[in-house]
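Novice: To be precise about what I am sending: the file is called coords_39.cif and holds mmCIF, C-alpha atoms.
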```cif
data_model
loop_
_atom_site.label_atom_id
_atom_site.label_comp_id
_atom_site.auth_asym_id
_atom_site.auth_seq_id
_atom_site.Cartn_x
_atom_site.Cartn_y
_atom_site.Cartn_z
CA MET Q 1 0.00 0.00 0.00
CA ARG Q 2 1.02 3.61 -0.54
CA LEU Q 3 0.45 5.31 2.81
CA LEU Q 4 0.55 8.96 3.84
CA HIS Q 5 0.92 9.94 7.49
CA VAL Q 6 0.35 13.58 8.44
CA VAL Q 7 1.78 14.87 11.71
CA PRO Q 8 2.42 18.50 12.77
CA THR Q 9 6.10 18.01 13.65
CA TYR Q 10 8.66 15.24 13.41
CA PHE Q 11 12.31 14.40 13.98
CA PRO Q 12 14.80 16.02 14.54
CA ALA Q 13 12.51 18.10 16.80
CA VAL Q 14 12.88 16.65 20.30
CA ARG Q 15 10.74 18.88 22.54
CA TYR Q 16 7.48 17.14 21.57
CA GLY Q 17 8.24 13.73 23.02
CA GLY Q 18 6.11 10.59 22.71
CA PRO Q 19 3.87 11.20 19.66
CA ILE Q 20 6.85 11.70 17.33
CA HIS Q 21 8.46 8.46 18.51
CA SER Q 22 5.26 6.45 18.22
CA VAL Q 23 4.37 7.76 14.75
CA HIS Q 24 7.88 7.14 13.44
CA GLY Q 25 8.04 3.69 15.03
CA LEU Q 26 4.81 2.73 13.28
CA CYS Q 27 5.87 4.22 9.94
CA ALA Q 28 9.29 2.56 9.98
CA ALA Q 29 7.76 -0.82 10.84
CA LEU Q 30 5.21 -0.46 8.04
CA ALA Q 31 8.06 0.33 5.63
CA VAL Q 32 9.83 -2.86 6.73
CA ARG Q 33 6.65 -4.74 5.82
CA GLY Q 34 7.00 -3.46 2.25
CA HIS Q 35 4.66 -0.47 2.23
CA ASP Q 36 5.54 2.81 0.53
CA VAL Q 37 5.27 5.13 3.55
CA HIS Q 38 5.39 8.93 3.35
CA VAL Q 39 5.13 11.50 6.15
CA PHE Q 40 4.01 15.10 5.58
CA THR Q 41 5.08 17.39 8.42
CA THR Q 42 6.44 20.86 9.18
CA ASN Q 43 9.89 22.04 10.21
CA VAL Q 44 8.54 23.63 13.41
CA ASP Q 45 10.65 22.98 16.51
CA GLY Q 46 9.20 25.25 19.18
CA PRO Q 47 10.17 28.86 18.46
CA SER Q 48 12.81 27.77 15.93
CA ASP Q 49 12.91 25.58 12.83
CA SER Q 50 14.54 22.19 12.36
CA ALA Q 51 17.47 22.30 9.93
CA VAL Q 52 15.92 20.05 7.30
CA PRO Q 53 15.48 20.17 3.51
CA LEU Q 54 12.07 21.52 2.48
CA GLY Q 55 9.64 20.29 -0.14
CA HIS Q 56 11.21 16.97 -1.11
CA PRO Q 57 11.43 13.63 0.69
CA VAL Q 58 14.16 12.74 3.17
CA ASP Q 59 14.72 9.04 3.84
CA MET Q 60 14.50 8.14 7.52
CA ASP Q 61 14.60 4.42 8.30
CA GLY Q 62 12.86 3.67 5.01
CA VAL Q 63 10.19 6.36 5.54
CA LYS Q 64 10.00 9.26 3.08
CA VAL Q 65 9.62 12.37 5.24
CA TRP Q 66 8.49 15.61 3.56
CA TYR Q 67 9.12 18.83 5.53
CA PHE Q 68 7.21 22.04 4.82
CA PRO Q 69 7.70 25.53 6.27
CA SER Q 70 5.29 27.15 8.71
CA ARG Q 71 6.05 30.86 8.89
CA ARG Q 72 2.79 32.23 10.28
CA LEU Q 73 0.15 30.87 12.67
CA ARG Q 74 2.81 28.46 13.89
CA ARG Q 75 0.76 27.32 16.87
CA LEU Q 76 -1.63 25.81 14.32
CA TYR Q 77 1.27 24.59 12.11
CA TRP Q 78 -0.23 26.44 9.15
CA SER Q 79 1.74 25.63 6.00
CA PRO Q 80 0.39 26.80 2.62
CA ALA Q 81 3.20 24.87 0.93
CA MET Q 82 1.99 21.64 2.52
CA GLY Q 83 -1.56 22.48 1.48
CA ARG Q 84 -0.56 22.87 -2.16
CA VAL Q 85 1.29 19.54 -2.24
CA LEU Q 86 -1.57 17.78 -0.43
CA LYS Q 87 -3.99 18.87 -3.15
CA GLN Q 88 -1.62 17.60 -5.84
CA GLU Q 89 -0.50 14.35 -4.25
CA VAL Q 90 -3.11 12.98 -1.84
CA GLY Q 91 -5.01 11.20 -4.62
CA ARG Q 92 -1.93 9.07 -5.31
CA PHE Q 93 -2.16 7.37 -1.91
CA ASP Q 94 -4.25 4.37 -0.89
CA LEU Q 95 -4.87 5.67 2.64
CA VAL Q 96 -4.05 8.68 4.83
CA HIS Q 97 -3.40 8.47 8.59
CA LEU Q 98 -3.78 11.77 10.49
CA HIS Q 99 -2.10 12.15 13.89
CA SER Q 100 -3.61 15.16 15.68
CA VAL Q 101 -6.70 17.29 16.23
CA PHE Q 102 -7.06 21.08 16.66
CA LEU Q 103 -4.24 21.67 14.18
CA TRP Q 104 -4.19 22.87 10.59
CA PRO Q 105 -2.35 19.93 8.92
CA THR Q 106 -5.07 17.50 10.01
CA TRP Q 107 -7.84 19.79 8.75
CA ALA Q 108 -6.08 20.37 5.40
CA ALA Q 109 -5.23 16.70 4.85
CA ALA Q 110 -8.71 15.49 5.81
CA ARG Q 111 -10.31 17.98 3.42
CA ALA Q 112 -7.93 17.00 0.59
CA ALA Q 113 -8.55 13.29 1.20
CA ARG Q 114 -12.33 13.76 1.15
CA HIS Q 115 -12.11 15.76 -2.05
CA SER Q 116 -9.99 13.04 -3.70
CA GLY Q 117 -12.02 10.12 -2.37
CA VAL Q 118 -9.10 8.68 -0.39
CA PRO Q 119 -10.03 7.03 2.94
CA TYR Q 120 -8.39 8.48 6.01
CA VAL Q 121 -7.85 7.33 9.59
CA LEU Q 122 -7.89 9.98 12.32
CA ALA Q 123 -5.89 9.53 15.54
CA PRO Q 124 -6.70 12.18 18.21
CA ARG Q 125 -3.50 11.26 20.10
CA GLY Q 126 -5.03 12.03 23.48
CA MET Q 127 -5.91 15.64 22.59
CA LEU Q 128 -9.69 15.17 22.88
CA VAL Q 129 -10.05 15.08 26.65
CA LYS Q 130 -12.70 17.19 28.37
CA GLU Q 131 -10.38 18.42 31.11
CA LEU Q 132 -7.65 19.37 28.62
CA VAL Q 133 -10.17 21.34 26.57
CA ARG Q 134 -11.54 23.03 29.67
CA ARG Q 135 -8.13 24.09 30.96
CA LYS Q 136 -6.68 25.50 27.75
CA SER Q 137 -8.40 27.72 25.14
CA ARG Q 138 -11.79 26.27 26.04
CA TRP Q 139 -14.00 28.44 23.86
CA LEU Q 140 -11.68 28.34 20.86
CA LYS Q 141 -11.40 24.56 21.03
CA GLN Q 142 -15.14 24.08 21.44
CA ALA Q 143 -15.69 26.25 18.37
CA TRP Q 144 -13.04 24.28 16.46
CA ILE Q 145 -14.76 21.01 17.38
CA ARG Q 146 -18.09 22.30 16.07
CA LEU Q 147 -16.70 23.85 12.89
CA VAL Q 148 -13.86 21.48 11.99
CA GLU Q 149 -13.50 18.28 13.99
CA ARG Q 150 -17.12 17.15 13.63
CA THR Q 151 -16.65 17.13 9.86
CA ASN Q 152 -13.23 15.48 10.14
CA PHE Q 153 -14.60 12.70 12.35
CA ALA Q 154 -17.75 12.14 10.30
CA GLY Q 155 -15.71 11.89 7.10
CA ALA Q 156 -13.09 9.50 8.48
CA ALA Q 157 -13.02 5.87 7.42
CA ALA Q 158 -11.98 5.02 11.00
CA ILE Q 159 -10.77 6.54 14.26
CA HIS Q 160 -7.53 5.17 15.70
CA LEU Q 161 -7.46 5.02 19.51
CA THR Q 162 -4.65 3.59 21.61
CA SER Q 163 -6.54 2.54 24.75
CA GLU Q 164 -9.93 2.10 26.41
CA THR Q 165 -9.13 5.19 28.48
CA GLU Q 166 -8.88 7.29 25.33
CA ALA Q 167 -12.14 5.79 24.05
CA ALA Q 168 -13.91 6.68 27.29
CA GLU Q 169 -12.68 10.28 27.12
CA LEU Q 170 -13.71 10.62 23.48
CA SER Q 171 -17.22 9.38 24.23
CA HIS Q 172 -17.95 12.65 26.09
CA PHE Q 173 -17.88 14.63 22.84
CA GLY Q 174 -20.67 12.76 21.01
CA LEU Q 175 -18.81 12.78 17.70
CA MET Q 176 -20.03 10.68 14.79
CA MET Q 177 -17.67 8.15 13.28
CA PRO Q 178 -17.84 4.97 11.21
CA ARG Q 179 -15.63 2.58 13.17
CA VAL Q 180 -12.91 2.48 15.81
CA ILE Q 181 -9.47 0.92 15.44
CA ALA Q 182 -8.14 0.05 18.91
CA ILE Q 183 -4.41 -0.53 18.51
CA PRO Q 184 -1.90 0.60 21.16
CA ASN Q 185 1.41 2.29 20.55
CA GLY Q 186 4.37 0.00 20.21
CA LEU Q 187 7.93 0.45 21.34
CA THR Q 188 11.46 -0.36 20.29
CA LEU Q 189 12.47 -3.27 22.48
CA PRO Q 190 15.81 -3.09 24.34
CA GLY Q 191 18.67 -4.39 22.25
CA ALA Q 192 22.40 -4.59 22.79
CA GLU Q 193 23.89 -3.06 25.90
CA VAL Q 194 24.57 0.67 25.53
CA VAL Q 195 28.22 1.61 25.84
CA GLU Q 196 28.05 5.41 25.51
CA THR Q 197 28.81 7.43 28.62
CA ALA Q 198 25.79 8.87 30.40
CA GLY Q 199 25.41 12.62 30.78
CA ARG Q 200 26.76 14.01 34.04
CA ASP Q 201 23.32 15.01 35.33
CA VAL Q 202 21.93 11.59 34.47
CA GLU Q 203 24.91 9.90 36.13
CA ALA Q 204 24.12 11.77 39.35
CA LEU Q 205 20.58 10.36 39.38
CA LEU Q 206 21.85 6.84 38.77
CA GLY Q 207 23.73 7.09 42.06
CA TYR Q 208 20.58 6.95 44.20
CA ALA Q 209 20.05 3.45 45.60
CA MET Q 210 16.26 3.82 46.02
CA LEU Q 211 15.30 5.77 42.89
CA VAL Q 212 11.68 6.52 41.97
CA LEU Q 213 11.45 7.83 38.40
CA CYS Q 214 8.87 9.95 36.62
CA LEU Q 215 9.91 10.62 33.03
CA GLY Q 216 7.88 12.64 30.53
CA ARG Q 217 6.83 16.22 29.95
CA ILE Q 218 6.67 18.42 33.04
CA HIS Q 219 3.00 19.23 32.55
CA TRP Q 220 0.01 19.67 34.86
CA LYS Q 221 -1.68 16.55 33.52
CA LYS Q 222 1.20 14.36 34.75
CA GLY Q 223 -0.09 14.77 38.32
CA LEU Q 224 3.23 15.91 39.77
CA ASP Q 225 1.27 17.85 42.39
CA ARG Q 226 0.10 14.42 43.62
CA LEU Q 227 3.33 12.48 43.14
CA ILE Q 228 5.56 14.91 45.05
CA PRO Q 229 3.56 14.84 48.32
CA ALA Q 230 3.18 11.06 47.97
CA MET Q 231 6.96 10.83 48.48
CA THR Q 232 6.49 11.64 52.18
CA ALA Q 233 5.40 7.99 52.57
CA VAL Q 234 8.82 6.68 51.47
CA PRO Q 235 11.48 8.71 53.32
CA GLU Q 236 14.32 6.47 52.13
CA ALA Q 237 13.53 7.02 48.43
CA HIS Q 238 14.61 9.74 45.98
CA LEU Q 239 12.31 11.02 43.23
CA ALA Q 240 13.70 12.05 39.84
CA ILE Q 241 11.39 14.10 37.60
CA VAL Q 242 12.79 14.15 34.08
CA GLY Q 243 11.41 15.93 31.01
CA ASN Q 244 10.76 19.20 29.22
CA ASP Q 245 9.23 21.99 31.31
CA GLU Q 246 6.90 23.23 28.57
CA GLU Q 247 4.65 25.29 30.82
CA GLY Q 248 7.22 26.81 33.19
CA LEU Q 249 5.96 24.78 36.16
CA LEU Q 250 9.37 24.19 37.75
CA PRO Q 251 9.25 27.07 40.30
CA GLU Q 252 5.80 25.97 41.45
CA LEU Q 253 6.93 22.35 41.80
CA GLU Q 254 10.10 23.34 43.66
CA ALA Q 255 7.93 25.31 46.09
CA LEU Q 256 5.76 22.21 46.56
CA VAL Q 257 8.89 20.20 47.41
CA GLU Q 258 9.78 22.76 50.09
CA ARG Q 259 6.26 22.80 51.56
CA HIS Q 260 6.34 19.05 52.07
CA GLY Q 261 9.82 19.01 53.60
CA LEU Q 262 11.32 17.07 50.69
CA ARG Q 263 14.37 19.23 50.00
CA GLY Q 264 17.22 16.98 48.85
CA ARG Q 265 14.84 14.12 48.08
CA VAL Q 266 13.47 15.32 44.75
CA SER Q 267 15.61 16.11 41.70
CA PHE Q 268 14.44 17.84 38.54
CA LEU Q 269 16.08 17.27 35.17
CA PRO Q 270 14.03 19.65 32.97
CA ARG Q 271 15.12 18.47 29.54
CA VAL Q 272 14.61 15.67 27.07
CA VAL Q 273 17.15 12.89 27.63
CA ALA Q 274 18.65 10.72 24.91
CA PRO Q 275 17.11 7.23 24.49
CA ALA Q 276 20.20 5.58 25.96
CA ASP Q 277 20.01 7.75 29.10
CA ARG Q 278 16.26 7.16 29.33
CA ASP Q 279 16.86 3.41 29.30
CA ARG Q 280 19.59 3.70 31.92
CA LEU Q 281 17.31 5.63 34.25
CA MET Q 282 14.46 3.17 33.81
CA ALA Q 283 16.71 0.17 34.37
CA ALA Q 284 18.13 1.75 37.55
CA ALA Q 285 14.80 2.88 39.05
CA LYS Q 286 13.13 0.75 41.70
CA VAL Q 287 9.71 2.05 40.60
CA PHE Q 288 8.49 4.08 37.65
CA ALA Q 289 5.64 6.31 38.89
CA LEU Q 290 3.05 8.14 36.80
CA ALA Q 291 0.24 9.86 38.73
CA SER Q 292 -1.36 11.45 35.66
CA TYR Q 293 -4.77 13.09 35.57
CA SER Q 294 -5.04 12.16 31.87
CA GLU Q 295 -2.90 10.03 29.56
CA ASN Q 296 -4.29 8.58 26.34
CA PHE Q 297 -1.71 5.80 26.49
CA GLY Q 298 1.62 6.50 28.20
CA ASN Q 299 4.50 5.12 26.13
CA THR Q 300 6.92 5.69 28.99
CA VAL Q 301 5.07 3.08 31.05
CA LEU Q 302 5.80 0.41 28.44
CA GLU Q 303 9.38 1.62 28.08
CA ALA Q 304 9.91 1.24 31.82
CA MET Q 305 8.33 -2.21 31.82
CA ALA Q 306 10.60 -3.22 28.92
CA GLN Q 307 13.56 -2.43 31.19
CA GLY Q 308 12.14 -4.65 33.96
CA CYS Q 309 11.11 -1.72 36.15
CA PRO Q 310 7.88 -2.15 38.17
CA VAL Q 311 5.39 0.63 37.46
CA LEU Q 312 2.82 2.48 39.53
CA VAL Q 313 0.15 4.37 37.60
CA THR Q 314 -3.27 5.95 38.06
CA PRO Q 315 -6.43 4.61 36.38
CA GLU Q 316 -6.44 7.67 34.09
CA VAL Q 317 -3.30 6.40 32.33
CA GLY Q 318 -4.26 4.55 29.14
CA ALA Q 319 -1.58 1.92 29.69
CA ALA Q 320 -3.12 1.07 33.08
CA GLU Q 321 -4.97 -1.78 31.38
CA VAL Q 322 -1.59 -3.18 30.27
CA VAL Q 323 -0.23 -2.90 33.82
CA ARG Q 324 -3.22 -4.79 35.21
CA GLU Q 325 -3.11 -7.56 32.61
CA SER Q 326 0.66 -8.05 32.79
CA GLY Q 327 1.08 -7.94 36.54
CA GLY Q 328 4.05 -5.64 35.93
CA GLY Q 329 3.00 -3.11 38.56
CA ARG Q 330 0.00 -1.58 40.27
CA VAL Q 331 -2.86 0.76 39.37
CA VAL Q 332 -4.01 3.00 42.20
CA ALA Q 333 -5.96 6.21 42.78
CA GLY Q 334 -3.89 9.35 42.39
CA ASP Q 335 -4.56 11.16 45.67
CA PRO Q 336 -1.25 11.52 47.54
CA ALA Q 337 -2.20 9.31 50.49
CA ALA Q 338 -3.30 6.35 48.36
CA PHE Q 339 -0.49 6.77 45.85
CA GLY Q 340 2.10 7.09 48.61
CA GLN Q 341 0.84 3.97 50.37
CA ALA Q 342 0.98 1.99 47.11
CA LEU Q 343 4.49 3.26 46.47
CA ARG Q 344 5.48 2.16 49.99
CA GLU Q 345 4.05 -1.32 49.39
CA LEU Q 346 5.68 -1.72 45.99
CA LEU Q 347 9.11 -0.66 47.24
CA ASP Q 348 8.79 -3.10 50.17
CA ASP Q 349 7.45 -5.98 48.11
CA PRO Q 350 9.93 -8.91 48.22
CA GLU Q 351 8.61 -9.94 44.80
CA ARG Q 352 9.42 -6.56 43.22
CA ALA Q 353 12.05 -8.02 40.89
CA GLU Q 354 9.60 -10.67 39.68
CA ILE Q 355 6.93 -7.98 39.16
CA GLY Q 356 9.39 -6.16 36.90
CA ALA Q 357 10.26 -9.36 35.07
CA ARG Q 358 6.56 -10.10 34.41
CA GLY Q 359 6.15 -6.66 32.88
CA ARG Q 360 9.24 -7.09 30.71
CA ARG Q 361 8.08 -10.46 29.35
CA PHE Q 362 4.58 -9.15 28.63
CA VAL Q 363 5.76 -6.05 26.78
CA ALA Q 364 8.29 -8.02 24.73
CA ALA Q 365 5.56 -10.43 23.62
CA ARG Q 366 2.84 -7.90 22.85
CA PHE Q 367 4.24 -4.47 21.98
CA GLY Q 368 7.17 -4.77 19.60
CA TRP Q 369 6.69 -2.59 16.52
CA ALA Q 370 6.67 -5.55 14.14
CA GLY Q 371 3.49 -6.94 15.71
CA ILE Q 372 1.82 -3.54 16.06
CA ALA Q 373 2.54 -2.75 12.39
CA GLN Q 374 1.02 -6.07 11.33
CA ARG Q 375 -2.16 -5.25 13.26
CA MET Q 376 -2.29 -1.78 11.74
CA GLU Q 377 -1.79 -3.21 8.25
CA MET Q 378 -4.80 -5.47 8.72
CA ALA Q 379 -6.82 -2.50 9.98
CA TYR Q 380 -5.82 -0.46 6.93
CA LEU Q 381 -6.97 -3.24 4.60
CA ASP Q 382 -10.28 -3.38 6.44
CA VAL Q 383 -10.66 0.40 6.28
CA CYS Q 384 -10.19 0.38 2.53
CA SER Q 385 -13.28 -1.85 2.20
CA PRO Q 386 -16.72 -0.18 1.99
CA HIS Q 387 -17.57 1.87 5.08
CA VAL Q 388 -20.09 0.67 7.64
CA PRO Q 389 -22.88 3.09 8.65
CA GLU Q 390 -21.84 5.99 10.86
CA ARG Q 391 -22.55 5.80 14.58
CA PRO Q 392 -21.62 7.78 17.66
CA ILE Q 393 -18.88 6.31 19.81
CA ASP Q 394 -20.49 4.91 22.95
CA ARG Q 395 -18.16 3.20 25.36
#
```
Mind converting the file's structure to structure tokens?
Specialist:
Amino acid sequence: MRLLHVVPTYFPAVRYGGPIHSVHGLCAALAVRGHDVHVFTTNVDGPSDSAVPLGHPVDMDGVKVWYFPSRRLRRLYWSPAMGRVLKQEVGRFDLVHLHSVFLWPTWAAARAARHSGVPYVLAPRGMLVKELVRRKSRWLKQAWIRLVERTNFAGAAAIHLTSETEAAELSHFGLMMPRVIAIPNGLTLPGAEVVETAGRDVEALLGYAMLVLCLGRIHWKKGLDRLIPAMTAVPEAHLAIVGNDEEGLLPELEALVERHGLRGRVSFLPRVVAPADRDRLMAAAKVFALASYSENFGNTVLEAMAQGCPVLVTPEVGAAEVVRESGGGRVVAGDPAAFGQALRELLDDPERAEIGARGRRFVAARFGWAGIAQRMEMAYLDVCSPHVPERPIDR
């Protein structure tokens, strides 16, 4: 099949985290399976631009990546150049997979696909969550849903969701759609031992004997205001919070550390770490903790499990269903008292190493990109058959 994936930004941009990795992992695995895979994206990397060629494909692990400029309305990733090429080229593809909502590339690609009669799959990527909409640009996003996303969803051949949690959140919007593809994100399984030297700041974290790790964006939805006070239940442990501080929350979180008497027991590393350093941290941690208020999936949970690290997550994390089924950790309510007690129990559990091993075996068997790409390929073939009648999602 000739496949087009449309995503607002892509490698080498690093500040955007999980979605880029999951989209590229899927695309590269589909290319290995013999599909002609193209990605349309922009060169936006925060306030700057990625140093990439524009307007012609760049090979990346067998995927043909097309970068287009976005000079104005960059928060929407508006790119007239991409729009022109979409109109010319979209009819040459068998299927289009869109990886965002509320952003211009998805709107432009969906419209071009409808005009050309090409089926498209829409993946909200965890962006359609009531609380997220309420907290940020509520009225603008509600207007966008009415004016743009309702049409995008109704015209889609299928909606791609990564977890039951994401499906439950999406059900609140009452959007019409033909069918749902429920396929989780995959991950690159650990390979040969890494020999590169860790960064100095990472090396310092590896020195803590009882390390609790939270790795991902520093963002309100990660529930750090719950995780930090939960650390009072485990006075012998040290918490490392690693990831981009996109919203400038670090001063507020540092003040929270002081209020709870945790000075010297919580470290912040407010940057994206290289994959090798990420794996080192996860392998060294005694527990990987994610107290999120909302998480459509949570790739970092699977990455930690792949390193044999027991995980502790809230029910709002999409990957919680994986944690329950695998036995690779625990799922517990996010209030600090309950989360802290569960963290205490997991750190004290004499079977903690076996819990981590169960998670590692489960992830290796179920979530490698080769298997996920095969499932997506079958879904694409099904999508290209005649559509079933539209219905509202009701989970």
Novice: Could you produce a table of the residues of segment 268-371 of chain Q lying within 10 Å of segment 28-44 of chain Q, with the nearest pair of atoms per residue and their separation in Å rounded to one decimal, using only C-alpha atoms, ordered by chain and increasing residue number, as CSV?
Specialist:
```
residue,atom,partner,partner_atom,distance
Q:Gly368,CA,Q:Ala29,CA,9.6
Q:Trp369,CA,Q:Ala29,CA,6.0
Q:Ala370,CA,Q:Ala29,CA,5.9
Q:Gly371,CA,Q:Ala29,CA,8.9
```
Novice: Tell me which residues the PyMOL selection byres ((chain Q and resi 292-301) around 6) grabs here, as a VMD selection string.
Specialist: chain Q and resid 126 166 221 to 223 290 to 291 302 to 304 316 to 319
Novice: By how many Å are atom CA of Asn185 of chain Q and atom CA of Thr162 of chain Q apart?
Specialist: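 Computing it gives 6.3 Å between the two atoms.
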Novice: To verify the selection step, state as a list in words which residues the PyMOL selection byres ((chain Q and resi 288) around 10) yields on this input.
Specialist: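 This file, filtered by the PyMOL selection byres ((chain Q and resi 288) around 10), leaves Leu211, Val212, Leu213, Cys214, Leu215, Leu239, Ala240, Leu281, Met282, Ala283, Ala284, Ala285, Lys286, Val287, Ala289, Leu290, Thr300, Val301, Glu303, Ala304, Met305, Cys309, Pro310, Val311, Leu312, Val313, Gly329 and Leu343 of chain Q.
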Novice: To one decimal place in Å, what is the distance between atom CA of Ala337 of chain Q and atom CA of Thr232 of chain Q?
Specialist: 9.2 Å
Novice: Please indicate the distance in Å from atom CA of Ala255 of chain Q to atom CA of Asp225 of chain Q, rounded to one decimal place.
Specialist: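 Atom CA of Ala255 of chain Q sits 10.7 Å away from atom CA of Asp225 of chain Q.
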Novice: Looking at all atoms listed in the file, which of Q:Pro119, Q:Pro80, Q:Pro47, Q:Pro315 is the one that sits closest to Glu164 of chain Q?
Specialist: Q:Pro315
Novice: Using all atoms listed in the file, determine which residues lie at most 6 Å from Ser70 of chain Q, disregarding the query and same-chain residues fewer than 6 positions distant; provide the list as JSON, numbers by chain.
Specialist: {"Q": [77, 78, 79]}
Novice: Excluding same-chain residues fewer than 4 positions from Ala306 of chain Q, what lies within 9 Å of it counting only C-alpha atoms, as a PyMOL selection string?
Specialist: chain Q and resi 187+189-190+282-283+301-302+356-357+359-364
Novice: Pull out every residue that the PyMOL selection byres ((chain Q and resi 22) around 10) matches in the shown coordinates and put them as a CSV table (one decimal) with C-alpha atoms, in the coordinates of the input.
Specialist:
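Final file, result23.csv:
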```csv
chain,number,residue,atom,x,y,z
Q,17,GLY,CA,8.2,13.7,23.0
Q,18,GLY,CA,6.1,10.6,22.7
Q,19,PRO,CA,3.9,11.2,19.7
Q,20,ILE,CA,6.8,11.7,17.3
Q,21,HIS,CA,8.5,8.5,18.5
Q,23,VAL,CA,4.4,7.8,14.8
Q,24,HIS,CA,7.9,7.1,13.4
Q,25,GLY,CA,8.0,3.7,15.0
Q,26,LEU,CA,4.8,2.7,13.3
Q,27,CYS,CA,5.9,4.2,9.9
Q,28,ALA,CA,9.3,2.6,10.0
Q,184,PRO,CA,-1.9,0.6,21.2
Q,185,ASN,CA,1.4,2.3,20.6
Q,186,GLY,CA,4.4,0.0,20.2
Q,187,LEU,CA,7.9,0.4,21.3
Q,188,THR,CA,11.5,-0.4,20.3
Q,299,ASN,CA,4.5,5.1,26.1
Q,369,TRP,CA,6.7,-2.6,16.5
```
